[in-house]
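Since the structure comes first, as structure tokens, the remarks are kept for the end.
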2 protein chains.
Amino acid sequence: MRHGENARREEMAAQTIHWRSMCPISSALDVVGDKWTILIIRDLIIHGTRTYSEFLESPEKISTNILADRLSLLSNLKLIERIEPDAAARNNAYRLTPSGAALQPVLEGLGRWSHAHLKAFHAGIVKIPEP
Amino acid sequence: MRHGENARREEMAAQTIHWRSMCPISSALDVVGDKWTILIIRDLIIHGTRTYSEFLESPEKISTNILADRLSLLSNLKLIERIEPDAAARNNAYRLTPSGAALQPVLEGLGRWSHAHLKAFHAGIVKIPEP
DNA sequence: ACGATTCACTTGCATTTCGCAAGTCAGCCA
DNA sequence: TGGCTGACTTGCGAAATGCAAGTGAATCGT
């Protein structure tokens with residue numbers, strides 16, 4: 001290990017975000033620019049609230065450690081929150097905060113772009129559920 | 001190597017996209033859902049056209065192999081193209097195709113969201129180093 | 001009442017992707 | 001014609017991801 005002076009590292013990923021630049025688009029990507037975070041937010045927008053095990057049922061099949069990591073990160077950033085913050089975790093669903101819900105236009109844009117410009121690449125597969 | 005029967009693999013990443021589901025949002029993320037692709041498109045939107053070395057100058061400092069990989073992928077998907085397809089690579093800039101340019105609303109949405117909901121998190125960090 | 005089950009996570013690795021540094025190579029440029 | 005760019009490769013260590021199994025508290029069934 002080259003940078004071995006710091007033996008103890010974060011057990012899982014990004015609890016501290018590395019801001020690559022001062023560009024707002026870049027900073028947005030530093031938060032939601034991975035393959036899973038937006039899908040979690042999608043499920044919350046569509047479904048209102050979701051429990052941990054409900055997230056696991058989505059067709060993309062996120063793995064449990066990634067899900068836990070992202071839920072924790074999104075909670076820290078206050079994009080999501082527990083419905084009952086002081087209750088136990090069991091059946092205590094997550095929901096979007098206003099900051100998280102404000103991503104909805106981005107998701108709509110992605111959906112529209114995919115529908116208009118990406119369908120050809122995975123032809124039969126993508127079907128859009130009319131909003 | 002467990003799946004060793006295929007000794008020769010893609011030298012760098014995703015020239016074949018793995019579509020995780022039929023959801024359009026998921027499919028959009030299968031294409032642009034990483035930390036670098038959208039930044040490349042941002043540079044093209046802002047700058048009109050960009051050469052390989054101009055991309056390298058952006059403040060986020062993408063590394064050369066990742067840049068080459070993403071440019072190649074975006075070219076295959078016809079989101080970008082060379083200005084002179086039949087000329088040599090040297091000084092032959094890339095530009096957005098209509099499909100790539102159609103991502104602009106998504107970038108605007110990300111920028112607006114970042115400005116409205118994310119500024120606080122990197123407030124102290126992002127300081128403009130006046131040059 | 002209490003063992004079995006469910007739910008929400010952790011933990012341990014194997015595999016994949018990223019990131020940096022260095023190298024290659026063709027086309028200018030003097 | 002020989003050095004210099006500009007546009008990529010290559011190699012390899014580091015980090016993130018994916019999968020399977022484990023943990024532990026709360027609830028359920030009897």
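Ordering of the structure tokens sets the chain letters (A, B, ...), residue numbers begin anew at 1 in every chain, and ligands are numbered from 1 in the order given.
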
Name all residues at most 10 Å from DA8 in chain C (count only C-alpha atoms (C1' of nucleotides); drop same-chain ones fewer than 4 positions away) and give them as a PDB file with N, CA and C atoms (P, O5', C5', C4', C3', O3' and C1' of nucleotides), in the first residue's frame.
ATOM      1  N   THR A  51     -39.132   1.133   1.640  1.00  0.00           N
ATOM      2  CA  THR A  51     -38.292   0.516   2.656  1.00  0.00           C
ATOM      3  C   THR A  51     -37.067  -0.091   1.977  1.00  0.00           C
ATOM      4  N   TYR A  52     -36.109  -0.414   2.784  1.00  0.00           N
ATOM      5  CA  TYR A  52     -34.884  -1.056   2.315  1.00  0.00           C
ATOM      6  C   TYR A  52     -35.173  -2.251   1.410  1.00  0.00           C
ATOM      7  N   SER A  53     -36.047  -3.124   1.856  1.00  0.00           N
ATOM      8  CA  SER A  53     -36.292  -4.331   1.057  1.00  0.00           C
ATOM      9  C   SER A  53     -37.077  -4.023  -0.212  1.00  0.00           C
ATOM     10  N   THR A  64     -26.919  -5.217  -1.657  1.00  0.00           N
ATOM     11  CA  THR A  64     -27.294  -4.688  -0.352  1.00  0.00           C
ATOM     12  C   THR A  64     -26.279  -3.700   0.210  1.00  0.00           C
ATOM     13  N   ALA A  68     -27.141   0.222   1.074  1.00  0.00           N
ATOM     14  CA  ALA A  68     -26.941   0.781   2.413  1.00  0.00           C
ATOM     15  C   ALA A  68     -26.028   1.996   2.352  1.00  0.00           C
ATOM     16  N   ALA A  88     -37.319   2.437  15.183  1.00  0.00           N
ATOM     17  CA  ALA A  88     -36.361   1.437  14.712  1.00  0.00           C
ATOM     18  C   ALA A  88     -36.329   1.407  13.188  1.00  0.00           C
ATOM     19  N   ALA A  89     -35.306   0.749  12.664  1.00  0.00           N
ATOM     20  CA  ALA A  89     -35.115   0.722  11.211  1.00  0.00           C
ATOM     21  C   ALA A  89     -36.183  -0.125  10.522  1.00  0.00           C
ATOM     22  N   ARG A  90     -36.600  -1.174  11.193  1.00  0.00           N
ATOM     23  CA  ARG A  90     -37.532  -2.123  10.578  1.00  0.00           C
ATOM     24  C   ARG A  90     -38.813  -1.437  10.115  1.00  0.00           C
ATOM     25  N   ASN A  91     -39.114  -1.609   8.798  1.00  0.00           N
ATOM     26  CA  ASN A  91     -40.321  -1.039   8.191  1.00  0.00           C
ATOM     27  C   ASN A  91     -40.383   0.483   8.269  1.00  0.00           C
ATOM     28  N   ASN A  92     -39.300   1.091   8.590  1.00  0.00           N
ATOM     29  CA  ASN A  92     -39.235   2.548   8.658  1.00  0.00           C
ATOM     30  C   ASN A  92     -38.778   3.061   7.291  1.00  0.00           C
TER      31      ASN A  92
ATOM     32  P    DG D  24     -24.229 -10.250  16.564  1.00  0.00           P
ATOM     33  O5'  DG D  24     -24.977  -8.904  16.947  1.00  0.00           O
ATOM     34  C5'  DG D  24     -25.381  -7.985  15.948  1.00  0.00           C
ATOM     35  C4'  DG D  24     -26.863  -7.677  16.074  1.00  0.00           C
ATOM     36  C3'  DG D  24     -27.582  -8.236  17.307  1.00  0.00           C
ATOM     37  O3'  DG D  24     -28.514  -7.274  17.722  1.00  0.00           O
ATOM     38  C1'  DG D  24     -28.711  -8.890  15.398  1.00  0.00           C
ATOM     39  P    DA D  25     -28.893  -7.101  19.330  1.00  0.00           P
ATOM     40  O5'  DA D  25     -30.213  -6.196  19.316  1.00  0.00           O
ATOM     41  C5'  DA D  25     -30.282  -5.032  18.500  1.00  0.00           C
ATOM     42  C4'  DA D  25     -31.578  -5.045  17.733  1.00  0.00           C
ATOM     43  C3'  DA D  25     -32.829  -5.202  18.606  1.00  0.00           C
ATOM     44  O3'  DA D  25     -33.751  -4.212  18.223  1.00  0.00           O
ATOM     45  C1'  DA D  25     -32.873  -6.740  16.810  1.00  0.00           C
TER      46       DA D  25
END

Exercise: DC13 in chain C partners within 12 Å, only C-alpha atoms (C1' of nucleotides), chain neighbours under 4 positions left out, as a PDB file with N, CA and C atoms (P, O5', C5', C4', C3', O3' and C1' of nucleotides), in the first residue's frame:
ATOM      1  P    DT D  17     -19.147   2.455  -6.641  1.00  0.00           P
ATOM      2  O5'  DT D  17     -19.241   0.915  -7.040  1.00  0.00           O
ATOM      3  C5'  DT D  17     -18.815   0.526  -8.341  1.00  0.00           C
ATOM      4  C4'  DT D  17     -19.007  -0.961  -8.536  1.00  0.00           C
ATOM      5  C3'  DT D  17     -20.369  -1.499  -8.098  1.00  0.00           C
ATOM      6  O3'  DT D  17     -20.916  -2.212  -9.188  1.00  0.00           O
ATOM      7  C1'  DT D  17     -18.617  -2.815  -7.198  1.00  0.00           C
ATOM      8  P    DG D  18     -22.379  -2.794  -9.159  1.00  0.00           P
ATOM      9  O5'  DG D  18     -22.093  -4.312  -8.763  1.00  0.00           O
ATOM     10  C5'  DG D  18     -21.196  -5.069  -9.552  1.00  0.00           C
ATOM     11  C4'  DG D  18     -21.193  -6.516  -9.085  1.00  0.00           C
ATOM     12  C3'  DG D  18     -22.553  -7.032  -8.621  1.00  0.00           C
ATOM     13  O3'  DG D  18     -22.697  -8.324  -9.171  1.00  0.00           O
ATOM     14  C1'  DG D  18     -20.954  -7.280  -6.871  1.00  0.00           C
ATOM     15  P    DC D  19     -23.942  -9.218  -9.007  1.00  0.00           P
ATOM     16  O5'  DC D  19     -23.558 -10.269  -7.876  1.00  0.00           O
ATOM     17  C5'  DC D  19     -22.485 -11.172  -8.121  1.00  0.00           C
ATOM     18  C4'  DC D  19     -22.179 -11.972  -6.869  1.00  0.00           C
ATOM     19  C3'  DC D  19     -23.409 -12.580  -6.190  1.00  0.00           C
ATOM     20  O3'  DC D  19     -23.197 -13.988  -6.078  1.00  0.00           O
ATOM     21  C1'  DC D  19     -22.026 -11.478  -4.613  1.00  0.00           C
ATOM     22  P    DA D  20     -24.396 -14.957  -5.681  1.00  0.00           P
ATOM     23  O5'  DA D  20     -23.904 -15.470  -4.258  1.00  0.00           O
ATOM     24  C5'  DA D  20     -22.519 -15.764  -4.073  1.00  0.00           C
ATOM     25  C4'  DA D  20     -22.219 -15.878  -2.588  1.00  0.00           C
ATOM     26  C3'  DA D  20     -23.333 -16.545  -1.774  1.00  0.00           C
ATOM     27  O3'  DA D  20     -22.757 -17.560  -0.968  1.00  0.00           O
ATOM     28  C1'  DA D  20     -22.737 -14.473  -0.814  1.00  0.00           C
ATOM     29  P    DA D  21     -23.684 -18.530  -0.098  1.00  0.00           P
ATOM     30  O5'  DA D  21     -23.258 -18.154   1.391  1.00  0.00           O
ATOM     31  C5'  DA D  21     -21.889 -17.871   1.677  1.00  0.00           C
ATOM     32  C4'  DA D  21     -21.813 -17.028   2.934  1.00  0.00           C
ATOM     33  C3'  DA D  21     -22.733 -17.528   4.066  1.00  0.00           C
ATOM     34  O3'  DA D  21     -21.947 -17.743   5.224  1.00  0.00           O
ATOM     35  C1'  DA D  21     -22.944 -15.193   3.748  1.00  0.00           C
TER      36       DA D  21
END

Quiz item: How far apart are chain B and chain A by Cα RMSD after a least-squares superposition over every Cα, paired in order?
Solution: 2.9 Å

Hey, could you make a per-residue contact list for chain D against chain B with 9 Å as the cut-off, showing the nearest pair of atoms and its distance in Å to one decimal, counting only C-alpha atoms (C1' of nucleotides), sorted by chain and number, as CSV?
residue,atom,partner,partner_atom,distance
D:DG6,C1',B:Arg90,CA,5.8
D:DA7,C1',B:Arg90,CA,6.4
D:DC8,C1',B:Ala68,CA,7.0
D:DT9,C1',B:Asn65,CA,7.8

Quiz item: If you count only C-alpha atoms (C1' of nucleotides), which residues fall within 12 Å of DC2 in chain C, apart from same-chain ones fewer than 5 positions away, as an NGL selection string?
Solution: :D and (28-30)

Residue selection dump (N, CA and C atoms (P, O5', C5', C4', C3', O3' and C1' of nucleotides)) as a CSV table (one decimal), in the first residue's frame:
chain,number,residue,atom,x,y,z
D,28,DC,P,-45.9,-8.5,13.8
D,28,DC,O5',-46.0,-10.0,13.2
D,28,DC,C5',-44.8,-10.6,12.6
D,28,DC,C4',-45.0,-12.1,12.6
D,28,DC,C3',-46.4,-12.6,13.0
D,28,DC,O3',-46.7,-13.6,12.1
D,28,DC,C1',-44.8,-13.4,14.5
D,29,DG,P,-48.2,-14.3,12.1
D,29,DG,O5',-47.9,-15.7,12.7
D,29,DG,C5',-46.7,-16.5,12.2
D,29,DG,C4',-46.7,-17.8,13.0
D,29,DG,C3',-48.0,-18.4,13.3
D,29,DG,O3',-47.9,-19.8,13.2
D,29,DG,C1',-46.9,-17.9,15.4
D,30,DT,P,-49.1,-20.8,13.4
D,30,DT,O5',-48.9,-21.3,14.9
D,30,DT,C5',-47.6,-22.0,15.1
D,30,DT,C4',-47.6,-22.4,16.6
D,30,DT,C3',-48.9,-22.9,17.1
D,30,DT,O3',-48.6,-24.1,18.0
D,30,DT,C1',-48.3,-21.1,18.5

Give one line per residue of chain B that approaches chain A to at most 7 Å, naming the two atoms of the closest pair and their distance in Å to one decimal, counting only C-alpha atoms; sort by chain then ascending residue number and deliver it as CSV.
residue,atom,partner,partner_atom,distance
B:Arg20,CA,A:Glu60,CA,5.2
B:Ser21,CA,A:Glu60,CA,5.7
B:Met22,CA,A:Val126,CA,4.3
B:Cys23,CA,A:Val126,CA,5.9
B:Pro24,CA,A:Gly111,CA,5.3
B:Ile25,CA,A:Gly111,CA,4.8
B:Ser26,CA,A:Leu39,CA,6.8
B:Ser27,CA,A:Ser114,CA,6.9
B:Ala28,CA,A:Ser114,CA,5.4
B:Leu29,CA,A:Lys35,CA,6.0
B:Gly33,CA,A:Lys35,CA,5.2
B:Asp34,CA,A:Asp34,CA,4.9
B:Lys35,CA,A:Gly33,CA,5.1
B:Leu39,CA,A:Ser26,CA,6.8
B:Pro59,CA,A:Ser21,CA,6.1
B:Glu60,CA,A:Arg20,CA,5.2
B:Ser99,CA,A:His117,CA,5.8
B:Ala102,CA,A:Trp113,CA,6.8
B:Leu103,CA,A:Trp113,CA,6.6
B:Pro105,CA,A:Gly109,CA,6.4
B:Val106,CA,A:Gly109,CA,5.2
B:Leu107,CA,A:Ile25,CA,6.8
B:Gly109,CA,A:Val106,CA,5.2
B:Leu110,CA,A:Ile25,CA,5.7
B:Gly111,CA,A:Ile25,CA,4.8
B:Trp113,CA,A:Leu103,CA,6.6
B:Ser114,CA,A:Ala28,CA,5.4
B:His115,CA,A:Pro24,CA,6.3
B:His117,CA,A:Ser99,CA,5.9
B:Val126,CA,A:Met22,CA,5.3

Once you have the residues from the selection above, write them out as a short mmCIF file (atom, residue, chain, number, x, y, z; two decimals), in the first residue's frame, restricted to C-alpha atoms.
data_model
loop_
_atom_site.label_atom_id
_atom_site.label_comp_id
_atom_site.auth_asym_id
_atom_site.auth_seq_id
_atom_site.Cartn_x
_atom_site.Cartn_y
_atom_site.Cartn_z
CA ARG B 20 -29.86 -3.24 -16.41
CA SER B 21 -33.58 -2.97 -17.08
CA MET B 22 -36.13 -1.68 -19.54
CA CYS B 23 -36.69 1.53 -17.56
CA PRO B 24 -35.77 4.55 -19.68
CA ILE B 25 -34.16 6.34 -16.76
CA SER B 26 -32.08 3.31 -15.98
CA SER B 27 -31.09 3.03 -19.63
CA ALA B 28 -30.08 6.68 -19.77
CA LEU B 29 -27.88 6.05 -16.76
CA GLY B 33 -24.55 7.61 -15.58
CA ASP B 34 -20.95 7.92 -14.58
CA LYS B 35 -18.88 10.78 -13.24
CA LEU B 39 -18.74 16.53 -18.07
CA PRO B 59 -10.65 21.70 -14.09
CA GLU B 60 -11.83 18.21 -13.12
CA SER B 99 -28.72 13.21 -29.99
CA ALA B 102 -30.47 16.85 -26.72
CA LEU B 103 -28.96 16.21 -23.31
CA PRO B 105 -31.94 20.13 -20.66
CA VAL B 106 -30.59 17.43 -18.37
CA LEU B 107 -27.42 19.41 -17.78
CA GLY B 109 -31.50 20.68 -14.65
CA LEU B 110 -28.42 19.41 -12.87
CA GLY B 111 -26.93 22.88 -12.80
CA TRP B 113 -30.48 21.74 -8.80
CA SER B 114 -26.88 22.08 -7.74
CA HIS B 115 -27.19 25.82 -7.45
CA HIS B 117 -29.68 22.62 -3.16
CA VAL B 126 -15.22 25.79 -3.46
#

Exercise. Specify as a VMD selection string all residues of chain C found within 8 Å of chain A, counting only C-alpha atoms (C1' of nucleotides).
Key: chain C and resid 7 to 10

Those residues with N, CA and C atoms (P, O5', C5', C4', C3', O3' and C1' of nucleotides), as a compact mmCIF listing (two decimals), in the first residue's frame please?
# COMPACT_ATOMS: atom_id res chain seq x y z
P DC C 7 -40.05 -9.19 5.51
O5' DC C 7 -39.06 -8.07 6.06
C5' DC C 7 -39.39 -7.35 7.26
C4' DC C 7 -38.17 -6.58 7.72
C3' DC C 7 -37.45 -5.81 6.61
O3' DC C 7 -37.45 -4.44 6.99
C1' DC C 7 -35.93 -7.07 7.96
P DA C 8 -36.92 -3.31 6.04
O5' DA C 8 -35.46 -3.11 6.63
C5' DA C 8 -35.32 -2.60 7.96
C4' DA C 8 -33.87 -2.60 8.35
C3' DA C 8 -32.94 -1.88 7.35
O3' DA C 8 -32.00 -1.11 8.06
C1' DA C 8 -32.16 -4.02 7.73
P DC C 9 -31.31 0.15 7.30
O5' DC C 9 -30.38 -0.59 6.23
C5' DC C 9 -28.98 -0.61 6.42
C4' DC C 9 -28.55 -1.72 7.38
C3' DC C 9 -27.05 -1.92 7.40
O3' DC C 9 -26.48 -1.29 8.53
C1' DC C 9 -28.26 -4.00 7.41
P DT C 10 -24.99 -0.82 8.42
O5' DT C 10 -24.22 -2.00 9.12
C5' DT C 10 -23.90 -3.13 8.40
C4' DT C 10 -23.02 -4.03 9.19
C3' DT C 10 -21.54 -3.88 8.87
O3' DT C 10 -20.80 -4.48 9.92
C1' DT C 10 -22.45 -5.77 7.75

Could you pull the residues within 8 Å of range 17-28 of chain C, counting only C-alpha atoms (C1' of nucleotides), minus those fewer than 2 positions along the same chain, as a PDB file with C-alpha atoms (C1' of nucleotides), in the first residue's frame?
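Generated file (out_20.pdb):
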ATOM      1  CA  ALA B  13     -14.295  -0.533 -20.323  1.00  0.00           C
ATOM      2  CA  SER B  63      -7.301  11.046 -17.081  1.00  0.00           C
ATOM      3  CA  ILE B  66     -10.849   7.394 -19.339  1.00  0.00           C
ATOM      4  CA  ARG B  90      -4.588  15.486 -34.750  1.00  0.00           C
TER       5      ARG B  90
ATOM      6  C1'  DT D   9      -2.051   3.061 -25.235  1.00  0.00           C
ATOM      7  C1'  DT D  10      -0.214   0.320 -21.662  1.00  0.00           C
ATOM      8  C1'  DA D  15     -10.658   2.101  -5.229  1.00  0.00           C
ATOM      9  C1'  DA D  16     -15.403   0.811  -6.168  1.00  0.00           C
TER      10       DA D  16
END

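Here CA of Thr49 in chain A stands at a distance of 20.9 Å from C1' of DA26 in chain D.
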
Quiz item: In range 72-122 of chain B, what's alpha helix (DSSP H) per DSSP? Answer as a ChimeraX atom specification?
Solution: /B:72-76,98-101,104-117

Practice problem: Just list the residues in range 12-120 of chain B DSSP gives strand (DSSP E) on the backbone, as a count of residues only. | Solution: 8
